[in-house]
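Visitor: The structure file work21.csv (CSV, C-alpha atoms and all ligand atoms) is provided below.
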```csv
chain,number,residue,atom,x,y,z
A,1030,MET,CA,7.3,-62.3,44.4
A,1031,LEU,CA,9.7,-60.2,42.4
A,1032,VAL,CA,8.7,-59.6,38.8
A,1033,THR,CA,11.3,-58.2,36.4
A,1034,GLY,CA,9.9,-56.5,33.3
A,1035,GLY,CA,6.5,-56.2,35.1
A,1036,ALA,CA,5.8,-52.9,33.3
A,1037,GLY,CA,6.0,-54.4,29.8
A,1038,PHE,CA,3.4,-56.3,27.8
A,1039,ILE,CA,3.5,-59.9,29.3
A,1040,GLY,CA,4.9,-58.8,32.6
A,1041,SER,CA,2.1,-56.3,33.3
A,1042,ASN,CA,-0.6,-58.8,32.3
A,1043,PHE,CA,1.1,-61.3,34.7
A,1044,VAL,CA,1.1,-58.8,37.6
A,1045,HIS,CA,-2.6,-58.1,36.9
A,1046,ASP,CA,-3.4,-61.8,37.0
A,1047,THR,CA,-1.3,-62.4,40.1
A,1048,VAL,CA,-2.9,-59.7,42.1
A,1049,ARG,CA,-6.4,-60.8,41.1
A,1050,ARG,CA,-5.8,-64.6,41.6
A,1051,PHE,CA,-3.4,-64.5,44.6
A,1052,PRO,CA,-4.2,-61.4,46.7
A,1053,ASP,CA,-2.0,-62.7,49.6
A,1054,VAL,CA,1.1,-62.5,47.4
A,1055,ALA,CA,3.2,-59.3,47.9
A,1056,VAL,CA,4.4,-58.3,44.4
A,1057,THR,CA,7.4,-56.1,43.7
A,1058,VAL,CA,8.1,-55.0,40.1
A,1059,LEU,CA,11.6,-54.2,39.0
A,1060,ASP,CA,11.6,-52.4,35.6
A,1061,ALA,CA,13.9,-50.0,33.8
A,1062,LEU,CA,11.0,-48.4,31.9
A,1063,THR,CA,12.7,-48.6,28.5
A,1064,TYR,CA,10.7,-47.5,25.5
A,1065,ALA,CA,8.8,-50.8,25.9
A,1066,GLY,CA,7.7,-50.3,29.6
A,1067,SER,CA,5.3,-47.9,31.2
A,1068,ARG,CA,4.1,-47.4,34.8
A,1069,ARG,CA,0.6,-46.8,33.3
A,1070,ASN,CA,0.4,-50.5,32.5
A,1071,LEU,CA,0.2,-51.0,36.2
A,1072,ASP,CA,-2.2,-48.2,37.0
A,1073,GLN,CA,-5.1,-50.5,37.9
A,1074,VAL,CA,-3.0,-52.4,40.5
A,1075,SER,CA,-0.7,-49.6,41.7
A,1076,ASP,CA,-2.1,-49.8,45.3
A,1077,GLN,CA,-1.3,-53.6,45.5
A,1078,VAL,CA,2.2,-53.5,43.9
A,1079,THR,CA,5.6,-52.1,45.0
A,1080,PHE,CA,7.3,-50.5,42.0
A,1081,VAL,CA,11.1,-50.2,41.7
A,1082,HIS,CA,12.5,-48.3,38.8
A,1083,GLY,CA,15.8,-49.9,38.0
A,1084,ASP,CA,18.0,-52.0,35.8
A,1085,ILE,CA,18.4,-55.8,36.1
A,1086,CYS,CA,22.1,-55.2,35.4
A,1087,ASP,CA,22.5,-53.2,38.6
A,1088,ALA,CA,24.0,-55.9,40.8
A,1089,ALA,CA,23.7,-54.0,44.1
A,1090,LEU,CA,20.0,-53.2,43.6
A,1091,VAL,CA,19.2,-56.7,42.4
A,1092,ASP,CA,21.0,-58.3,45.3
A,1093,GLY,CA,18.8,-56.5,47.9
A,1094,LEU,CA,15.6,-57.2,46.0
A,1095,VAL,CA,16.3,-60.9,45.5
A,1096,ARG,CA,17.4,-61.2,49.2
A,1097,ASP,CA,13.9,-60.0,50.2
A,1098,THR,CA,11.8,-62.1,47.9
A,1099,ASP,CA,10.8,-65.8,47.8
A,1100,VAL,CA,10.2,-66.2,44.0
A,1101,LEU,CA,11.7,-64.3,41.1
A,1102,VAL,CA,9.8,-64.3,37.8
A,1103,HIS,CA,12.1,-62.9,35.1
A,1104,PHE,CA,10.3,-61.3,32.2
A,1105,ALA,CA,12.6,-58.3,31.6
A,1106,ALA,CA,14.2,-58.3,28.2
A,1107,GLU,CA,14.8,-56.4,25.0
A,1108,SER,CA,12.1,-58.3,23.0
A,1109,HIS,CA,11.8,-57.1,19.4
A,1110,VAL,CA,13.6,-59.0,16.6
A,1111,ASP,CA,13.7,-56.0,14.2
A,1112,ASN,CA,15.3,-53.8,16.9
A,1113,SER,CA,17.9,-56.5,17.5
A,1114,LEU,CA,18.8,-56.6,13.8
A,1115,ASN,CA,19.3,-52.8,13.8
A,1116,ASP,CA,21.3,-52.6,17.1
A,1117,PRO,CA,22.1,-55.8,19.0
A,1118,SER,CA,24.0,-54.2,21.9
A,1119,PRO,CA,21.1,-53.6,24.3
A,1120,PHE,CA,20.0,-57.2,23.7
A,1121,ILE,CA,23.4,-58.5,24.8
A,1122,GLN,CA,23.4,-56.2,27.9
A,1123,THR,CA,19.9,-56.8,29.2
A,1124,ASN,CA,19.2,-60.4,28.0
A,1125,ILE,CA,22.6,-61.9,28.8
A,1126,VAL,CA,24.3,-59.7,31.4
A,1127,GLY,CA,21.0,-58.9,33.1
A,1128,THR,CA,20.1,-62.6,33.4
A,1129,PHE,CA,23.6,-63.3,34.7
A,1130,THR,CA,23.2,-60.6,37.3
A,1131,LEU,CA,19.9,-62.1,38.5
A,1132,ILE,CA,21.0,-65.7,38.7
A,1133,GLU,CA,24.1,-64.7,40.7
A,1134,ALA,CA,21.8,-63.0,43.3
A,1135,VAL,CA,19.5,-66.1,43.2
A,1136,ARG,CA,22.5,-68.3,43.8
A,1137,ARG,CA,23.7,-66.2,46.7
A,1138,HIS,CA,20.3,-66.1,48.4
A,1139,ASP,CA,19.1,-69.5,47.4
A,1140,LYS,CA,15.8,-68.3,45.9
A,1141,ARG,CA,13.3,-69.8,43.5
A,1142,LEU,CA,13.6,-68.5,39.9
A,1143,HIS,CA,11.3,-68.8,36.9
A,1144,HIS,CA,12.9,-67.7,33.7
A,1145,ILE,CA,10.7,-66.6,30.8
A,1146,SER,CA,11.9,-67.4,27.3
A,1147,THR,CA,10.8,-67.9,23.7
A,1148,ASP,CA,10.4,-70.6,21.1
A,1149,GLU,CA,12.7,-68.5,18.9
A,1150,VAL,CA,15.8,-70.1,20.7
A,1151,PHE,CA,15.2,-73.3,18.6
A,1152,GLY,CA,15.5,-71.5,15.2
A,1153,ASP,CA,12.7,-72.3,12.7
A,1154,LEU,CA,10.9,-75.2,11.1
A,1155,PRO,CA,10.1,-75.8,7.4
A,1156,LEU,CA,6.8,-74.2,6.2
A,1157,ASP,CA,5.4,-77.4,4.7
A,1158,SER,CA,6.0,-79.8,7.7
A,1159,VAL,CA,4.2,-81.0,10.8
A,1160,GLU,CA,7.4,-81.0,12.8
A,1161,GLN,CA,7.4,-79.4,16.2
A,1162,PHE,CA,9.8,-78.1,18.8
A,1163,THR,CA,10.1,-80.1,22.0
A,1164,GLU,CA,12.0,-79.5,25.2
A,1165,GLN,CA,14.8,-81.6,23.7
A,1166,THR,CA,15.2,-79.7,20.5
A,1167,ALA,CA,18.7,-78.3,20.0
A,1168,TYR,CA,19.1,-74.6,20.2
A,1169,ASP,CA,19.7,-72.9,16.8
A,1170,PRO,CA,18.8,-69.2,17.1
A,1171,SER,CA,18.7,-67.0,14.0
A,1172,SER,CA,18.6,-63.4,15.2
A,1173,PRO,CA,20.5,-61.3,17.7
A,1174,TYR,CA,17.4,-61.3,19.8
A,1175,SER,CA,16.9,-65.1,19.8
A,1176,ALA,CA,20.7,-65.7,20.2
A,1177,SER,CA,20.6,-63.5,23.4
A,1178,LYS,CA,17.6,-65.3,24.8
A,1179,ALA,CA,19.2,-68.7,24.0
A,1180,SER,CA,22.3,-67.5,25.9
A,1181,SER,CA,20.2,-66.5,28.9
A,1182,ASP,CA,18.5,-69.9,28.9
A,1183,MET,CA,21.9,-71.6,28.8
A,1184,LEU,CA,23.1,-69.6,31.7
A,1185,VAL,CA,20.1,-70.6,33.8
A,1186,ARG,CA,20.6,-74.3,32.8
A,1187,ALA,CA,24.2,-74.2,33.8
A,1188,TRP,CA,23.4,-72.5,37.2
A,1189,VAL,CA,20.9,-75.3,37.9
A,1190,ARG,CA,23.4,-78.0,37.1
A,1191,SER,CA,26.6,-76.6,38.6
A,1192,TYR,CA,25.2,-74.6,41.6
A,1193,GLY,CA,21.9,-76.3,42.3
A,1194,VAL,CA,19.9,-73.1,41.6
A,1195,GLN,CA,16.2,-73.8,41.9
A,1196,ALA,CA,15.0,-72.6,38.5
A,1197,THR,CA,12.5,-73.5,35.8
A,1198,ILE,CA,12.4,-72.2,32.3
A,1199,SER,CA,9.5,-71.7,29.9
A,1200,ASN,CA,9.7,-71.1,26.1
A,1201,CYS,CA,6.4,-69.6,24.8
A,1202,ALA,CA,5.2,-69.0,21.3
A,1203,ASN,CA,4.0,-65.6,20.0
A,1204,ASN,CA,1.7,-63.7,22.5
A,1205,TYR,CA,-1.1,-61.3,21.7
A,1206,GLY,CA,-3.5,-59.3,23.9
A,1207,PRO,CA,-3.8,-55.9,25.7
A,1208,TYR,CA,-0.8,-53.7,26.5
A,1209,GLN,CA,1.4,-55.1,23.6
A,1210,HIS,CA,3.7,-52.5,22.2
A,1211,VAL,CA,2.7,-51.1,18.7
A,1212,GLU,CA,6.0,-52.3,17.2
A,1213,LYS,CA,4.7,-56.0,17.2
A,1214,LEU,CA,2.7,-57.5,14.3
A,1215,ILE,CA,-0.9,-57.5,15.7
A,1216,PRO,CA,-0.9,-54.1,17.5
A,1217,ARG,CA,1.0,-52.4,14.6
A,1218,GLN,CA,-1.6,-53.5,12.1
A,1219,ILE,CA,-4.7,-52.7,14.3
A,1220,THR,CA,-3.4,-49.2,15.0
A,1221,ASN,CA,-2.5,-48.6,11.4
A,1222,VAL,CA,-6.1,-49.4,10.4
A,1223,LEU,CA,-7.4,-47.2,13.2
A,1224,LEU,CA,-5.3,-44.3,11.7
A,1225,ASP,CA,-6.5,-45.0,8.2
A,1226,ASP,CA,-3.1,-46.5,7.2
A,1227,LYS,CA,-2.7,-50.0,5.8
A,1228,PRO,CA,-1.2,-53.1,7.5
A,1229,LYS,CA,2.4,-53.9,6.4
A,1230,LEU,CA,3.2,-57.5,5.5
A,1231,TYR,CA,6.8,-58.6,5.4
A,1232,GLY,CA,7.8,-60.4,2.2
A,1233,ALA,CA,5.2,-62.9,0.8
A,1234,GLY,CA,3.7,-63.3,4.3
A,1235,ASP,CA,3.9,-67.1,4.3
A,1236,ASN,CA,5.8,-67.2,7.6
A,1237,VAL,CA,3.8,-69.0,10.3
A,1238,ARG,CA,3.6,-68.2,14.0
A,1239,GLU,CA,1.7,-70.0,16.8
A,1240,TRP,CA,-0.5,-67.4,18.5
A,1241,THR,CA,-1.1,-67.7,22.2
A,1242,HIS,CA,-3.2,-65.3,24.3
A,1243,VAL,CA,-1.1,-63.6,27.0
A,1244,THR,CA,-3.5,-64.8,29.7
A,1245,ASP,CA,-3.0,-68.4,28.7
A,1246,HIS,CA,0.8,-67.9,28.7
A,1247,ASN,CA,0.6,-66.4,32.2
A,1248,ASP,CA,-1.6,-69.2,33.5
A,1249,ALA,CA,1.0,-71.7,32.4
A,1250,VAL,CA,3.7,-69.6,34.2
A,1251,HIS,CA,1.7,-69.7,37.4
A,1252,ARG,CA,1.3,-73.5,37.1
A,1253,ILE,CA,5.1,-73.9,36.6
A,1254,ILE,CA,5.9,-71.7,39.6
A,1255,THR,CA,3.5,-73.7,41.9
A,1256,ALA,CA,3.9,-77.2,40.5
A,1257,GLY,CA,6.8,-77.3,38.0
A,1258,GLN,CA,9.9,-79.5,38.6
A,1259,ILE,CA,13.1,-77.7,39.5
A,1260,GLY,CA,15.5,-77.8,36.6
A,1261,GLU,CA,12.9,-78.5,34.0
A,1262,THR,CA,11.9,-76.6,30.8
A,1263,TYR,CA,8.3,-76.3,29.6
A,1264,LEU,CA,7.2,-75.3,26.2
A,1265,ILE,CA,4.0,-73.1,26.0
A,1266,GLY,CA,1.8,-72.6,22.9
A,1267,SER,CA,-1.8,-72.7,21.9
A,1268,GLY,CA,-1.4,-74.9,18.8
A,1269,ASP,CA,-3.1,-72.2,16.8
A,1270,GLU,CA,-0.7,-71.7,13.8
A,1271,ARG,CA,-1.4,-69.0,11.2
A,1272,SER,CA,0.6,-67.3,8.4
A,1273,ASN,CA,1.2,-63.6,8.7
A,1274,ARG,CA,-1.0,-63.0,5.6
A,1275,GLN,CA,-3.9,-64.9,7.2
A,1276,ILE,CA,-3.6,-62.9,10.4
A,1277,ILE,CA,-3.7,-59.6,8.5
A,1278,GLU,CA,-6.6,-60.7,6.3
A,1279,GLN,CA,-8.5,-61.8,9.4
A,1280,LEU,CA,-7.8,-58.6,11.2
A,1281,LEU,CA,-8.9,-56.5,8.3
A,1282,THR,CA,-12.1,-58.4,8.0
A,1283,LEU,CA,-12.8,-58.0,11.7
A,1284,MET,CA,-12.2,-54.3,11.3
A,1285,ASP,CA,-14.7,-54.0,8.4
A,1286,GLN,CA,-12.0,-53.5,5.7
A,1287,GLU,CA,-11.3,-55.4,2.5
A,1288,PRO,CA,-9.1,-58.4,3.4
A,1289,THR,CA,-6.6,-57.4,0.7
A,1290,ALA,CA,-6.2,-53.8,1.8
A,1291,TYR,CA,-2.6,-54.2,3.0
A,1292,ASP,CA,0.9,-53.2,1.7
A,1293,HIS,CA,3.7,-55.6,1.0
A,1294,VAL,CA,7.0,-54.3,2.5
A,1295,PRO,CA,10.6,-55.7,2.2
A,1296,ASP,CA,11.2,-58.9,4.2
A,1297,ARG,CA,13.0,-59.1,7.6
A,1298,PRO,CA,16.6,-60.4,7.1
A,1299,GLY,CA,17.0,-64.0,8.3
A,1300,HIS,CA,13.2,-64.2,8.8
A,1301,ASP,CA,12.3,-67.4,10.6
A,1302,LEU,CA,9.8,-69.5,8.6
A,1303,ARG,CA,7.7,-71.3,11.2
A,1304,TYR,CA,7.5,-71.9,14.9
A,1305,SER,CA,5.4,-74.7,16.5
A,1306,ASN,CA,5.7,-75.9,20.1
A,1307,ASN,CA,4.8,-79.4,21.3
A,1308,THR,CA,3.1,-78.7,24.7
A,1309,THR,CA,2.5,-82.3,25.7
A,1310,LYS,CA,4.7,-82.0,28.8
A,1311,LEU,CA,2.9,-78.9,30.1
A,1312,ARG,CA,-0.5,-80.4,29.4
A,1313,THR,CA,0.2,-83.8,30.9
A,1314,ASP,CA,2.4,-82.9,33.9
A,1315,LEU,CA,0.7,-79.6,34.9
A,1316,GLY,CA,-2.8,-79.9,33.5
A,1317,TRP,CA,-2.5,-76.7,31.4
A,1318,GLN,CA,-4.6,-76.0,28.4
A,1319,PRO,CA,-5.3,-72.8,26.4
A,1320,THR,CA,-8.7,-71.3,27.0
A,1321,TYR,CA,-8.8,-68.5,24.3
A,1322,ASP,CA,-10.3,-69.0,20.8
A,1323,PHE,CA,-8.0,-67.0,18.5
A,1324,ALA,CA,-10.8,-65.2,16.6
A,1325,ALA,CA,-12.5,-64.1,19.8
A,1326,GLY,CA,-9.2,-63.1,21.4
A,1327,LEU,CA,-8.2,-61.1,18.3
A,1328,ALA,CA,-11.6,-59.3,18.3
A,1329,ALA,CA,-11.2,-58.5,22.0
A,1330,THR,CA,-7.7,-57.2,21.3
A,1331,ILE,CA,-9.0,-55.0,18.5
A,1332,THR,CA,-11.6,-53.6,20.9
A,1333,TRP,CA,-9.0,-52.9,23.5
A,1334,TYR,CA,-6.8,-50.8,21.1
A,1335,ARG,CA,-9.9,-49.0,19.8
A,1336,GLU,CA,-10.9,-48.1,23.3
A,1337,ASN,CA,-7.4,-47.1,24.5
A,1338,PRO,CA,-5.9,-44.7,21.9
A,1339,THR,CA,-4.3,-42.6,24.7
A,1340,TRP,CA,-2.3,-45.7,25.7
A,1341,TRP,CA,-0.8,-46.4,22.2
A,1342,LYS,CA,-0.8,-43.1,20.4
A,1343,PRO,CA,2.3,-41.6,22.2
A,1344,ALA,CA,4.5,-44.5,20.9
A,1345,LYS,CA,3.0,-44.9,17.5
A,1346,SER,CA,4.7,-42.1,15.4
A,1347,GLN,CA,8.1,-42.8,16.8
A,1348,THR,CA,7.7,-46.6,16.1
A,1349,GLU,CA,6.6,-45.9,12.5
A,1350,ALA,CA,9.5,-43.5,12.0
A,1351,ARG,CA,11.9,-46.3,13.1
A,1352,TYR,CA,10.2,-48.7,10.6
A,1353,LYS,CA,10.5,-46.1,7.9
A,1354,LEU,CA,14.3,-46.0,8.4
A,1355,LEU,CA,14.4,-49.8,8.1
A,1356,GLY,CA,12.3,-49.7,4.9
A,1357,ARG,CA,9.5,-51.7,6.6
A,1401,LIG,P1,8.3,-56.0,26.3
A,1401,LIG,O1,9.3,-55.5,25.5
A,1401,LIG,O2,6.8,-55.6,26.1
A,1401,LIG,O3,8.6,-55.7,27.9
A,1401,LIG,C1,9.9,-55.8,28.4
A,1401,LIG,C2,9.9,-55.1,29.7
A,1401,LIG,O4,11.3,-55.2,30.3
A,1401,LIG,C3,9.7,-53.6,29.7
A,1401,LIG,O5,8.8,-53.1,30.7
A,1401,LIG,C4,11.1,-52.9,29.8
A,1401,LIG,O6,11.0,-51.7,30.4
A,1401,LIG,C5,11.7,-54.0,30.7
A,1401,LIG,N1,13.2,-54.0,30.6
A,1401,LIG,C6,14.0,-54.0,29.5
A,1401,LIG,N2,15.3,-53.9,29.8
A,1401,LIG,C7,15.3,-53.9,31.2
A,1401,LIG,C8,16.4,-53.8,32.1
A,1401,LIG,N3,17.7,-53.8,31.7
A,1401,LIG,N4,16.1,-53.8,33.4
A,1401,LIG,C9,14.9,-53.9,33.9
A,1401,LIG,N5,13.8,-53.9,33.0
A,1401,LIG,C10,14.0,-53.9,31.7
A,1401,LIG,O7,8.4,-57.6,26.3
A,1401,LIG,P2,7.3,-58.8,26.3
A,1401,LIG,O8,6.8,-59.0,25.0
A,1401,LIG,O9,6.4,-58.5,27.5
A,1401,LIG,O10,8.2,-60.0,26.7
A,1401,LIG,C11,8.5,-60.4,28.0
A,1401,LIG,C12,9.3,-61.6,28.1
A,1401,LIG,O11,8.6,-62.7,27.4
A,1401,LIG,C13,10.7,-61.5,27.4
A,1401,LIG,O12,11.6,-62.2,28.1
A,1401,LIG,C14,10.5,-62.1,26.0
A,1401,LIG,O13,11.7,-62.7,25.5
A,1401,LIG,C15,9.5,-63.2,26.4
A,1401,LIG,N6,8.6,-63.7,25.3
A,1401,LIG,C16,7.8,-62.8,24.6
A,1401,LIG,C17,6.9,-63.3,23.7
A,1401,LIG,C18,6.0,-62.3,22.9
A,1401,LIG,O14,5.3,-62.8,22.0
A,1401,LIG,N7,6.0,-61.1,23.2
A,1401,LIG,C19,6.8,-64.6,23.4
A,1401,LIG,C20,7.6,-65.5,24.2
A,1401,LIG,C21,8.5,-65.0,25.1
A,1402,LIG,O1,4.7,-55.1,10.5
A,1402,LIG,C1,5.0,-56.3,10.6
A,1402,LIG,N1,4.7,-57.1,9.5
A,1402,LIG,C2,5.0,-58.4,9.5
A,1402,LIG,O2,4.7,-59.1,8.5
A,1402,LIG,C3,5.6,-56.9,11.8
A,1402,LIG,C4,6.0,-56.0,13.0
A,1402,LIG,C5,5.9,-58.2,11.8
A,1402,LIG,N2,5.6,-59.0,10.7
A,1402,LIG,C6,5.9,-60.4,10.7
A,1402,LIG,C7,7.3,-60.8,11.2
A,1402,LIG,C8,7.0,-62.1,12.0
A,1402,LIG,O3,7.0,-63.2,11.0
A,1402,LIG,O4,5.0,-60.9,11.7
A,1402,LIG,C9,5.5,-62.0,12.5
A,1402,LIG,C10,5.5,-61.6,13.9
A,1402,LIG,O5,6.3,-60.5,14.1
A,1402,LIG,P1,6.6,-59.9,15.6
A,1402,LIG,O6,5.4,-59.4,16.2
A,1402,LIG,O7,7.8,-58.9,15.4
A,1402,LIG,O8,7.0,-61.2,16.4
A,1402,LIG,P2,8.2,-62.3,16.2
A,1402,LIG,O9,9.4,-61.7,15.5
A,1402,LIG,O10,7.6,-63.5,15.8
A,1402,LIG,O11,8.7,-62.4,17.8
A,1402,LIG,C11,7.7,-62.4,18.8
A,1402,LIG,O12,7.4,-63.7,19.3
A,1402,LIG,C12,8.4,-64.4,20.0
A,1402,LIG,C13,8.1,-61.5,20.0
A,1402,LIG,O13,8.4,-60.2,19.5
A,1402,LIG,C14,9.3,-62.1,20.7
A,1402,LIG,O14,9.6,-61.3,21.8
A,1402,LIG,C15,8.9,-63.5,21.1
A,1402,LIG,O15,10.1,-64.1,21.7
```
Please rewrite the model in this file as structure tokens.
Guide:
Amino acid sequence: MLVTGGAGFIGSNFVHDTVRRFPDVAVTVLDALTYAGSRRNLDQVSDQVTFVHGDICDAALVDGLVRDTDVLVHFAAESHVDNSLNDPSPFIQTNIVGTFTLIEAVRRHDKRLHHISTDEVFGDLPLDSVEQFTEQTAYDPSSPYSASKASSDMLVRAWVRSYGVQATISNCANNYGPYQHVEKLIPRQITNVLLDDKPKLYGAGDNVREWTHVTDHNDAVHRIITAGQIGETYLIGSGDERSNRQIIEQLLTLMDQEPTAYDHVPDRPGHDLRYSNNTTKLRTDLGWQPTYDFAAGLAATITWYRENPTWWKPAKSQTEARYKLLGR
């Protein structure tokens, strides 16, 4: 199995789970080690994994690695909406050109591909509705990040239809858990509180996200790889929807702070209001269901960041300096 982006947040958790659950699978990780990736995320499994430091846009490197694998699981991406608003160009390169480079190698060598994507490709839903995204929802991305992920999904779909590439796609809701970069909502606020700073809420904080533990996401990915139908898309999500304000209040309470002890900061431009995935297909066809309770998962995540300051501290000041420039 070749795992792109296996040194990032979801990819490294996926590699940990794969090595533990499927010890006979030989795992190779291809990762460019951008600001978001670290070899330390794979320290616990370094003996069981082959690590290749390289770029998914490097066609010659990718060709050799894909030739020698059975299954390619493609996590590598530029993943942060705020960064994409500030400078879209690496998103176009990695998310679109990188995916193109991979699917061309997959086509040449006739290998199985699972492409990891996001619910953000569908745009957003009104706050006061019960509407959900389904596998049939039309794409309507809002940010450079989601537009680049939508483009990558479209490429995979076209390669399935026109070239018969054996691929599946999943679009997951927001993830949380260990090893998530401190730029993202939950780790940013936990580490702010640990440093005696306050959480930062964008705008009024009414925007709603569907929070899925990274282990539940990766369990769905394993099911799709083993039992998913070629050419199909599967939505993944816990069903646990919360506003950003609720998340920050819950997090402050769990960290023994006043629930109102946060700062309002200017809103994100084009800020998507609400995401919600209908996961009936994944549950019915592949028997998946989430196992994490959000409050327990959030408490465990807080404990992980409390216990691993040497993991997150090196990236923290640079990340906050970037936010300061953006006024957020
Ligand atoms: P991340 O930013 O934590 O990790 C991305 C990894 O990809 C890093 O290790 C980075 O070094 C690597 N990478 C970046 N550019 C590369 C390149 N050109 N070549 C090789 N490696 C490169 O991201 P994440 O949050 O773990 O997201 C992983 C995937 O899941 C992405 O495709 C993302 O769109 C998708 N996704 C994320 C979420 C979420 O909530 N984080 C939700 C749904 C889908
Ligand atoms: O400091 C903050 N304050 C705040 O209110 C940050 C960093 C975020 N927010 C808000 C913006 C979003 O409404 O919290 C929400 C979550 O923000 P992010 O963690 O940046 O995630 P989001 O933009 O929803 O995108 C995430 O989920 C889908 C991942 O980053 C994507 O990679 C994934 O595709």
Visitor: Just the number, please: distance in Å from atom O14 of ligand LIG 1401 (chain A) to CA of Leu1230 in chain A, one decimal.
Guide: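 Computed distance, atom O14 of ligand LIG 1401 (chain A) to CA of Leu1230 in chain A, equals 17.5 Å.
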Visitor: Using all atoms listed in the file, which residues of the polymer chains come no farther than 7 Å from ligand LIG 1402 (chain A)? I'd like the answer as a PyMOL selection string.
Guide: chain A and resi 1108-1111+1146-1149+1202-1204+1212-1215+1217-1218+1228-1231+1234+1236-1238+1273+1297+1300-1301
Visitor: Got a sec to check which residues lie within 6 Å of ligand LIG 1401 (chain A), using all atoms listed in the file, and send them as a PyMOL selection string?
Guide: chain A and resi 1034-1040+1060-1063+1065-1066+1083-1086+1104-1108+1123+1145-1147+1201-1204+1209-1210
Visitor: Please report the interatomic distance between CA of Pro1343 in chain A and CA of Leu1223 in chain A in Å with one decimal.
Guide: 14.4 Å
Visitor: For Thr1330 in chain A, find every residue with an atom within 10 Å (counting only C-alpha atoms), except residues of its own chain fewer than 6 positions away, and show them as an mmCIF file with C-alpha atoms, keeping the file's coordinate frame.
Guide:
```
data_model
loop_
_atom_site.group_PDB
_atom_site.id
_atom_site.type_symbol
_atom_site.label_atom_id
_atom_site.label_comp_id
_atom_site.auth_asym_id
_atom_site.auth_seq_id
_atom_site.Cartn_x
_atom_site.Cartn_y
_atom_site.Cartn_z
ATOM 1 C CA TYR A 1205 -1.100 -61.300 21.700
ATOM 2 C CA GLY A 1206 -3.500 -59.300 23.900
ATOM 3 C CA PRO A 1207 -3.800 -55.900 25.700
ATOM 4 C CA TYR A 1208 -0.800 -53.700 26.500
ATOM 5 C CA GLN A 1209 1.400 -55.100 23.600
ATOM 6 C CA ILE A 1215 -0.900 -57.500 15.700
ATOM 7 C CA PRO A 1216 -0.900 -54.100 17.500
ATOM 8 C CA ILE A 1219 -4.700 -52.700 14.300
ATOM 9 C CA HIS A 1242 -3.200 -65.300 24.300
ATOM 10 C CA ALA A 1324 -10.800 -65.200 16.600
ATOM 11 C CA GLU A 1336 -10.900 -48.100 23.300
#
```
Visitor: One number please: CA of Ser1171 in chain A to CA of Arg1190 in chain A, in Å, one decimal.
Guide: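 So the answer is 26.0 Å.
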Visitor: Using all atoms listed in the file, which protein or nucleic acid residues come within 10 Å of Thr1309 in chain A? Drop anything in the same chain fewer than 4 positions from it, and give the result as a VMD selection string.
Guide: chain A and resid 1163 to 1164 1263 to 1265 1313 to 1318
Visitor: Would you mind completing range 1287-1298 of chain A so that it carries N, CA and C atoms, and writing it out as a CSV table (one decimal), keeping the file's coordinate frame?
Guide:
```
chain,number,residue,atom,x,y,z
A,1287,GLU,N,-11.6,-54.3,3.5
A,1287,GLU,CA,-11.3,-55.4,2.5
A,1287,GLU,C,-10.1,-56.2,2.9
A,1288,PRO,N,-10.2,-57.6,2.9
A,1288,PRO,CA,-9.1,-58.4,3.4
A,1288,PRO,C,-7.8,-58.2,2.6
A,1289,THR,N,-7.9,-57.6,1.5
A,1289,THR,CA,-6.6,-57.4,0.7
A,1289,THR,C,-6.1,-56.0,0.8
A,1290,ALA,N,-6.6,-55.2,1.7
A,1290,ALA,CA,-6.2,-53.8,1.8
A,1290,ALA,C,-5.0,-53.7,2.7
A,1291,TYR,N,-3.9,-54.3,2.3
A,1291,TYR,CA,-2.6,-54.2,3.0
A,1291,TYR,C,-1.5,-54.0,2.1
A,1292,ASP,N,-0.3,-53.5,2.6
A,1292,ASP,CA,0.9,-53.2,1.7
A,1292,ASP,C,1.9,-54.3,2.0
A,1293,HIS,N,2.6,-54.7,0.9
A,1293,HIS,CA,3.7,-55.6,1.0
A,1293,HIS,C,5.0,-54.7,1.3
A,1294,VAL,N,5.8,-55.1,2.2
A,1294,VAL,CA,7.0,-54.3,2.5
A,1294,VAL,C,8.2,-55.3,2.5
A,1295,PRO,N,9.4,-54.8,2.3
A,1295,PRO,CA,10.6,-55.7,2.2
A,1295,PRO,C,10.6,-56.7,3.4
A,1296,ASP,N,11.1,-57.9,3.2
A,1296,ASP,CA,11.2,-58.9,4.2
A,1296,ASP,C,12.2,-58.6,5.3
A,1297,ARG,N,12.0,-59.2,6.5
A,1297,ARG,CA,13.0,-59.1,7.6
A,1297,ARG,C,14.2,-60.0,7.2
A,1298,PRO,N,15.4,-59.5,7.4
A,1298,PRO,CA,16.6,-60.4,7.1
A,1298,PRO,C,16.6,-61.6,8.0
```
